[in-house]
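Coordinates as given in query.tsv (TSV, C-alpha atoms):
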chain	number	residue	atom	x	y	z
A	9	ASP	CA	1.44	14.94	-27.87
A	10	GLY	CA	0.79	11.38	-26.75
A	11	PHE	CA	4.39	10.67	-25.73
A	12	ILE	CA	6.14	10.40	-22.36
A	13	PRO	CA	9.80	11.45	-21.92
A	14	ALA	CA	12.03	8.63	-20.70
A	15	VAL	CA	15.68	7.96	-20.00
A	16	ILE	CA	17.32	4.56	-20.60
A	17	TYR	CA	20.54	3.74	-18.73
A	18	GLY	CA	22.57	0.90	-17.25
A	19	HIS	CA	25.23	-1.69	-18.13
A	20	GLY	CA	27.79	1.05	-18.70
A	21	GLU	CA	25.81	2.46	-21.63
A	22	LYS	CA	25.51	6.19	-22.17
A	23	PRO	CA	22.06	7.40	-20.97
A	24	GLN	CA	19.63	7.81	-23.85
A	25	HIS	CA	16.68	10.19	-23.77
A	26	VAL	CA	13.67	8.94	-25.71
A	27	GLN	CA	9.93	9.46	-26.04
A	28	LEU	CA	7.58	6.51	-25.52
A	29	PRO	CA	3.90	6.28	-26.54
A	30	SER	CA	1.90	7.18	-23.42
A	31	ARG	CA	-1.03	4.84	-24.04
A	32	GLU	CA	1.05	1.67	-24.55
A	33	LEU	CA	3.34	2.62	-21.66
A	34	GLY	CA	0.36	3.21	-19.34
A	35	VAL	CA	-1.05	-0.24	-20.17
A	36	ALA	CA	2.34	-1.91	-19.65
A	37	LEU	CA	2.87	-0.24	-16.26
A	38	LYS	CA	-0.31	-1.78	-14.86
A	39	THR	CA	1.80	-4.92	-14.35
A	40	SER	CA	4.43	-4.62	-11.63
A	41	ASN	CA	8.05	-5.16	-12.72
A	42	VAL	CA	7.10	-5.40	-16.38
A	43	LEU	CA	9.86	-5.89	-18.96
A	44	ILE	CA	9.68	-3.34	-21.78
A	45	ASP	CA	11.41	-3.78	-25.14
A	46	VAL	CA	12.39	-0.33	-26.41
A	47	VAL	CA	13.16	-0.18	-30.12
A	48	LEU	CA	15.91	2.34	-30.79
A	49	ASP	CA	17.42	3.39	-34.14
A	50	ASP	CA	19.81	0.48	-34.55
A	51	HIS	CA	18.86	-2.02	-31.83
A	52	THR	CA	16.32	-3.05	-29.18
A	53	GLU	CA	16.95	-2.73	-25.43
A	54	LEU	CA	15.27	-4.90	-22.82
A	55	THR	CA	14.42	-2.58	-19.91
A	56	LEU	CA	12.84	-2.63	-16.47
A	57	PRO	CA	11.04	0.44	-15.02
A	58	LYS	CA	13.16	1.94	-12.25
A	59	SER	CA	11.31	5.17	-11.45
A	60	VAL	CA	7.93	6.42	-12.63
A	61	SER	CA	6.84	10.04	-12.13
A	62	ARG	CA	3.14	10.92	-12.21
A	63	ASP	CA	1.28	14.19	-11.85
A	64	PRO	CA	0.13	14.29	-8.21
A	65	LEU	CA	-3.34	15.61	-9.10
A	66	THR	CA	-4.24	13.81	-12.31
A	67	GLY	CA	-2.13	10.66	-11.92
A	68	LEU	CA	-0.97	10.98	-15.54
A	69	LEU	CA	2.52	9.78	-16.46
A	70	GLU	CA	5.11	12.55	-16.66
A	71	HIS	CA	8.47	10.73	-16.90
A	72	ILE	CA	9.96	7.25	-16.59
A	73	ASP	CA	13.46	5.91	-15.92
A	74	LEU	CA	14.22	2.55	-17.52
A	75	VAL	CA	17.23	0.43	-16.57
A	76	ILE	CA	18.78	-1.85	-19.18
A	77	VAL	CA	18.71	-5.55	-18.27
A	78	ARG	CA	20.01	-8.69	-19.96
A	79	ARG	CA	18.31	-12.07	-20.21
A	80	GLY	CA	19.64	-14.47	-17.57
A	81	GLU	CA	20.63	-11.58	-15.30
A	82	LYS	CA	19.51	-11.52	-11.66
A	83	VAL	CA	17.83	-8.31	-10.47
A	84	THR	CA	16.56	-7.07	-7.12
A	85	VAL	CA	12.95	-5.89	-7.32
A	86	SER	CA	10.08	-5.05	-5.00
A	87	VAL	CA	7.21	-7.53	-5.44
A	88	PRO	CA	3.66	-7.12	-4.02
A	89	VAL	CA	2.55	-9.58	-1.32
A	90	HIS	CA	-0.99	-11.00	-1.43
A	91	THR	CA	-2.50	-12.71	1.61
A	92	GLU	CA	-4.69	-15.80	1.74
A	93	GLY	CA	-6.15	-18.11	4.39
A	94	LYS	CA	-8.56	-17.73	7.29
A	95	TYR	CA	-7.40	-15.87	10.36
A	96	ASP	CA	-8.95	-14.84	13.68
A	97	GLN	CA	-11.80	-12.49	12.69
A	98	ASP	CA	-11.76	-10.91	16.17
A	99	GLY	CA	-8.45	-9.23	15.28
A	100	ILE	CA	-7.79	-6.16	13.15
A	101	LEU	CA	-5.55	-6.93	10.16
A	102	GLU	CA	-2.71	-4.47	9.56
A	103	ASN	CA	-0.70	-4.75	6.33
A	104	VAL	CA	2.60	-3.36	7.60
A	105	HIS	CA	4.47	-3.95	4.30
A	106	THR	CA	2.55	-4.60	1.08
A	107	SER	CA	5.66	-5.65	-0.85
A	108	ILE	CA	9.06	-7.21	-0.20
A	109	GLU	CA	12.36	-7.13	-2.06
A	110	VAL	CA	13.53	-10.30	-3.76
A	111	GLU	CA	16.21	-11.31	-6.22
A	112	ALA	CA	15.07	-13.13	-9.35
A	113	ASP	CA	16.02	-13.83	-12.94
A	114	VAL	CA	14.94	-10.82	-14.99
A	115	THR	CA	12.72	-12.98	-17.21
A	116	ASN	CA	11.17	-14.82	-14.25
A	117	ILE	CA	10.07	-12.02	-11.90
A	118	PRO	CA	6.87	-13.03	-10.08
A	119	SER	CA	3.97	-10.58	-10.44
A	120	PHE	CA	3.07	-11.16	-6.78
A	121	LEU	CA	3.96	-13.40	-3.82
A	122	ILE	CA	1.66	-15.27	-1.42
A	123	LEU	CA	1.60	-15.11	2.38
A	124	ASN	CA	-0.57	-17.79	4.00
A	125	MET	CA	-2.32	-16.44	7.12
A	126	GLU	CA	-4.19	-19.66	7.95
A	127	GLY	CA	-4.75	-19.88	11.72
A	128	LEU	CA	-3.18	-16.49	12.54
A	129	ALA	CA	-4.46	-15.45	15.98
A	130	ALA	CA	-5.06	-11.92	17.26
A	131	GLY	CA	-1.83	-10.44	18.60
A	132	GLU	CA	0.40	-12.42	16.20
A	133	SER	CA	2.48	-11.27	13.22
A	134	LEU	CA	3.93	-12.87	10.11
A	135	SER	CA	7.35	-11.82	8.82
A	136	ALA	CA	8.96	-11.78	5.37
A	137	ASP	CA	10.54	-15.22	5.87
A	138	LYS	CA	7.01	-16.72	5.87
A	139	VAL	CA	6.25	-15.47	2.33
A	140	ILE	CA	6.11	-18.33	-0.18
A	141	LEU	CA	8.89	-17.84	-2.76
A	142	PRO	CA	8.88	-19.60	-6.14
A	143	ALA	CA	11.93	-21.59	-7.28
A	144	GLY	CA	14.84	-19.34	-8.28
A	145	VAL	CA	13.63	-16.40	-6.19
A	146	THR	CA	15.53	-15.41	-3.03
A	147	LEU	CA	14.55	-13.01	-0.26
A	148	VAL	CA	16.50	-9.74	-0.07
A	149	SER	CA	14.38	-7.94	2.56
A	150	ASP	CA	15.12	-8.55	6.24
A	151	PRO	CA	13.63	-12.01	7.02
A	152	LYS	CA	12.27	-10.68	10.34
A	153	MET	CA	10.53	-7.66	8.73
A	154	THR	CA	6.84	-7.73	9.70
A	155	VAL	CA	4.56	-8.07	6.69
A	156	VAL	CA	1.18	-8.43	8.45
A	157	HIS	CA	0.10	-8.03	12.05
A	158	LEU	CA	-3.24	-9.05	13.52
A	159	SER	CA	-3.99	-6.60	16.34
A	160	VAL	CA	-6.18	-7.44	19.31
A	161	ARG	CA	-9.39	-5.43	19.41
A	162	SER	CA	-9.56	-3.24	22.51
A	163	ALA	CA	-12.20	-4.12	25.10
A	164	GLU	CA	-15.42	-2.24	24.49
A	165	VAL	CA	-16.24	0.29	27.17
A	166	GLU	CA	-19.75	-0.17	28.58
A	167	GLU	CA	-21.47	3.19	28.92
A	168	THR	CA	-23.72	3.78	31.96
A	169	PRO	CA	-26.37	6.48	31.72
A	170	VAL	CA	-25.85	9.43	34.05
A	171	ALA	CA	-28.71	11.73	35.12
A	172	ALA	CA	-28.15	15.19	33.73
A	173	ALA	CA	-27.82	17.95	36.27
A	174	PRO	CA	-30.12	20.92	35.65
A	175	ALA	CA	-28.50	23.96	34.15
A	176	GLU	CA	-28.07	27.10	36.27
A	177	GLY	CA	-30.62	29.05	34.30
A	178	ALA	CA	-33.13	26.22	34.65
A	179	GLU	CA	-33.12	26.42	38.49
A	180	GLY	CA	-34.08	30.10	38.48
A	181	ALA	CA	-36.84	29.53	35.92
A	182	ALA	CA	-38.30	26.66	37.97
A	183	ALA	CA	-38.29	28.78	41.15
A	184	ALA	CA	-40.11	31.63	39.40
A	185	ALA	CA	-42.78	29.28	38.02
A	186	THR	CA	-43.71	27.85	41.46
A	187	PRO	CA	-44.66	30.14	44.32
A	188	ALA	CA	-42.45	30.16	47.38
A	189	GLU	CA	-43.63	28.13	50.40
A	190	GLY	CA	-44.54	31.22	52.37
A	191	GLU	CA	-46.76	32.58	49.60
A	192	ALA	CA	-48.55	29.24	49.24
A	193	ALA	CA	-49.33	29.25	53.00
A	194	LYS	CA	-50.81	32.79	52.78
A	195	ASP	CA	-53.03	31.73	49.88
A	196	ASP	CA	-54.38	28.80	51.95
A	197	LYS	CA	-55.42	31.07	54.85
A	198	LYS	CA	-57.54	33.32	52.69
Take the structure in the file and write it out as structure tokens.
Amino acid sequence: DGFIPAVIYGHGEKPQHVQLPSRELGVALKTSNVLIDVVLDDHTELTLPKSVSRDPLTGLLEHIDLVIVRRGEKVTVSVPVHTEGKYDQDGILENVHTSIEVEADVTNIPSFLILNMEGLAAGESLSADKVILPAGVTLVSDPKMTVVHLSVRSAEVEETPVAAAPAEGAEGAAAAATPAEGEAAKDDKK
């Protein structure tokens, strides 16, 4: 019917079950950690998506949990990490963790964080404590958690051609096609 079931809870409030317009909600959820104002009968609640359920085949929204937040409140959220900078192109880049947990003011949650990989050599890693955090944002994830790793490419194996051995059936066919030595000697005497 164009609506998605949702539950709103938090701050000691009784959980409220509501329906939200699916199109507007889908557009809003394209931004990570988006704040959503939900207009209820007598008031408006500022909420943050906590859990989003989607159909595994179609990807369509099925249900959403929204937690009530207050302006000026600090929240712990998972924020995507983007990488920048030139690194050793002989290595294979592995994104071990694509996001990290941080604590930030609810109205100042960054949409993404930057990890500078300038000069990263093959065999080296960068951890969460190397991610650039804006003012007012603190790291919650383990500072030593690996975010990216640049693996060393394995040495290429040089292939040497090997002569193929004849198959068993091929030996018999070759012997039948050429006369035996004794028969060739008889033919010469005639």
Expected answer as a ChimeraX atom specification: all residues with atoms within 10 Å of (12.1, -9.5, -0.8), all atoms listed in the file: /A:84-89,107-112,121,136-137,139,141,145-151,153
Proximity check region 91-160 of chain A to region 22-46 of chain A, 10 Å, nearest pairs one decimal Å, only C-alpha atoms, as a Markdown table:
| residue | atom | partner | partner_atom | distance |
| --- | --- | --- | --- | --- |
| A:Val114 | CA | A:Leu43 | CA | 8.1 |
| A:Thr115 | CA | A:Leu43 | CA | 7.8 |
| A:Ile117 | CA | A:Asn41 | CA | 7.2 |
| A:Pro118 | CA | A:Asn41 | CA | 8.4 |
| A:Ser119 | CA | A:Ser40 | CA | 6.1 |
| A:Phe120 | CA | A:Ser40 | CA | 8.3 |
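Here CA of Arg161 (chain A) is placed at a distance of 15.7 Å from CA of Asn103 (chain A).
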Atomic distance CA of Ile12 (chain A) - CA of Ser59 (chain A), expressed in Å with one decimal: 13.2 Å
Counting only C-alpha atoms, the option among A:His51, A:His71, A:Arg79, A:His90 closest to Ile140 (chain A):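 Result for the nearest residue to Ile140 (chain A): A:His90.
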Atom-to-atom span, CA of Lys152 (chain A) and CA of Tyr95 (chain A), Å: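 Interatomic distance, CA of Lys152 (chain A) to CA of Tyr95 (chain A): 20.3 Å.
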Polymer residues at most 7 Å from Leu158 (chain A), only C-alpha atoms, same-chain spacing of 2 or more positions, as a list in words: Gly99, Ile100, Leu101, Glu102, Ala129, Ala130, Gly131, Glu132, Ser133, Val156 and Val160 of chain A
Can you fill out region 19-30 of chain A with N, CA, C and O atoms and hand it back as a PDB file, in the coordinates of the input?
ATOM      1  N   HIS A  19      24.230  -0.836 -17.482  1.00  0.00           N
ATOM      2  CA  HIS A  19      25.230  -1.690 -18.130  1.00  0.00           C
ATOM      3  C   HIS A  19      26.342  -0.883 -18.795  1.00  0.00           C
ATOM      4  O   HIS A  19      26.847  -1.250 -19.854  1.00  0.00           O
ATOM      5  N   GLY A  20      26.687   0.241 -18.184  1.00  0.00           N
ATOM      6  CA  GLY A  20      27.790   1.050 -18.700  1.00  0.00           C
ATOM      7  C   GLY A  20      27.458   1.810 -19.969  1.00  0.00           C
ATOM      8  O   GLY A  20      28.324   2.454 -20.564  1.00  0.00           O
ATOM      9  N   GLU A  21      26.223   1.757 -20.411  1.00  0.00           N
ATOM     10  CA  GLU A  21      25.810   2.460 -21.630  1.00  0.00           C
ATOM     11  C   GLU A  21      25.588   3.948 -21.317  1.00  0.00           C
ATOM     12  O   GLU A  21      25.218   4.315 -20.207  1.00  0.00           O
ATOM     13  N   LYS A  22      25.777   4.769 -22.307  1.00  0.00           N
ATOM     14  CA  LYS A  22      25.510   6.190 -22.170  1.00  0.00           C
ATOM     15  C   LYS A  22      23.989   6.374 -22.057  1.00  0.00           C
ATOM     16  O   LYS A  22      23.227   5.774 -22.822  1.00  0.00           O
ATOM     17  N   PRO A  23      23.515   7.183 -21.098  1.00  0.00           N
ATOM     18  CA  PRO A  23      22.060   7.400 -20.970  1.00  0.00           C
ATOM     19  C   PRO A  23      21.465   7.942 -22.269  1.00  0.00           C
ATOM     20  O   PRO A  23      22.054   8.798 -22.926  1.00  0.00           O
ATOM     21  N   GLN A  24      20.306   7.390 -22.635  1.00  0.00           N
ATOM     22  CA  GLN A  24      19.630   7.810 -23.850  1.00  0.00           C
ATOM     23  C   GLN A  24      18.261   8.379 -23.485  1.00  0.00           C
ATOM     24  O   GLN A  24      17.508   7.749 -22.755  1.00  0.00           O
ATOM     25  N   HIS A  25      17.969   9.550 -24.011  1.00  0.00           N
ATOM     26  CA  HIS A  25      16.680  10.190 -23.770  1.00  0.00           C
ATOM     27  C   HIS A  25      15.770   9.895 -24.962  1.00  0.00           C
ATOM     28  O   HIS A  25      16.137  10.156 -26.108  1.00  0.00           O
ATOM     29  N   VAL A  26      14.599   9.341 -24.658  1.00  0.00           N
ATOM     30  CA  VAL A  26      13.670   8.940 -25.710  1.00  0.00           C
ATOM     31  C   VAL A  26      12.261   9.387 -25.339  1.00  0.00           C
ATOM     32  O   VAL A  26      12.017   9.835 -24.211  1.00  0.00           O
ATOM     33  N   GLN A  27      11.339   9.223 -26.285  1.00  0.00           N
ATOM     34  CA  GLN A  27       9.930   9.460 -26.040  1.00  0.00           C
ATOM     35  C   GLN A  27       9.204   8.145 -26.309  1.00  0.00           C
ATOM     36  O   GLN A  27       9.424   7.512 -27.340  1.00  0.00           O
ATOM     37  N   LEU A  28       8.327   7.751 -25.371  1.00  0.00           N
ATOM     38  CA  LEU A  28       7.580   6.510 -25.520  1.00  0.00           C
ATOM     39  C   LEU A  28       6.094   6.816 -25.625  1.00  0.00           C
ATOM     40  O   LEU A  28       5.606   7.766 -24.989  1.00  0.00           O
ATOM     41  N   PRO A  29       5.351   6.026 -26.414  1.00  0.00           N
ATOM     42  CA  PRO A  29       3.900   6.280 -26.540  1.00  0.00           C
ATOM     43  C   PRO A  29       3.200   6.110 -25.199  1.00  0.00           C
ATOM     44  O   PRO A  29       3.315   5.070 -24.551  1.00  0.00           O
ATOM     45  N   SER A  30       2.489   7.154 -24.768  1.00  0.00           N
ATOM     46  CA  SER A  30       1.900   7.180 -23.420  1.00  0.00           C
ATOM     47  C   SER A  30       0.848   6.094 -23.215  1.00  0.00           C
ATOM     48  O   SER A  30       0.766   5.496 -22.142  1.00  0.00           O
TER      49      SER A  30
END
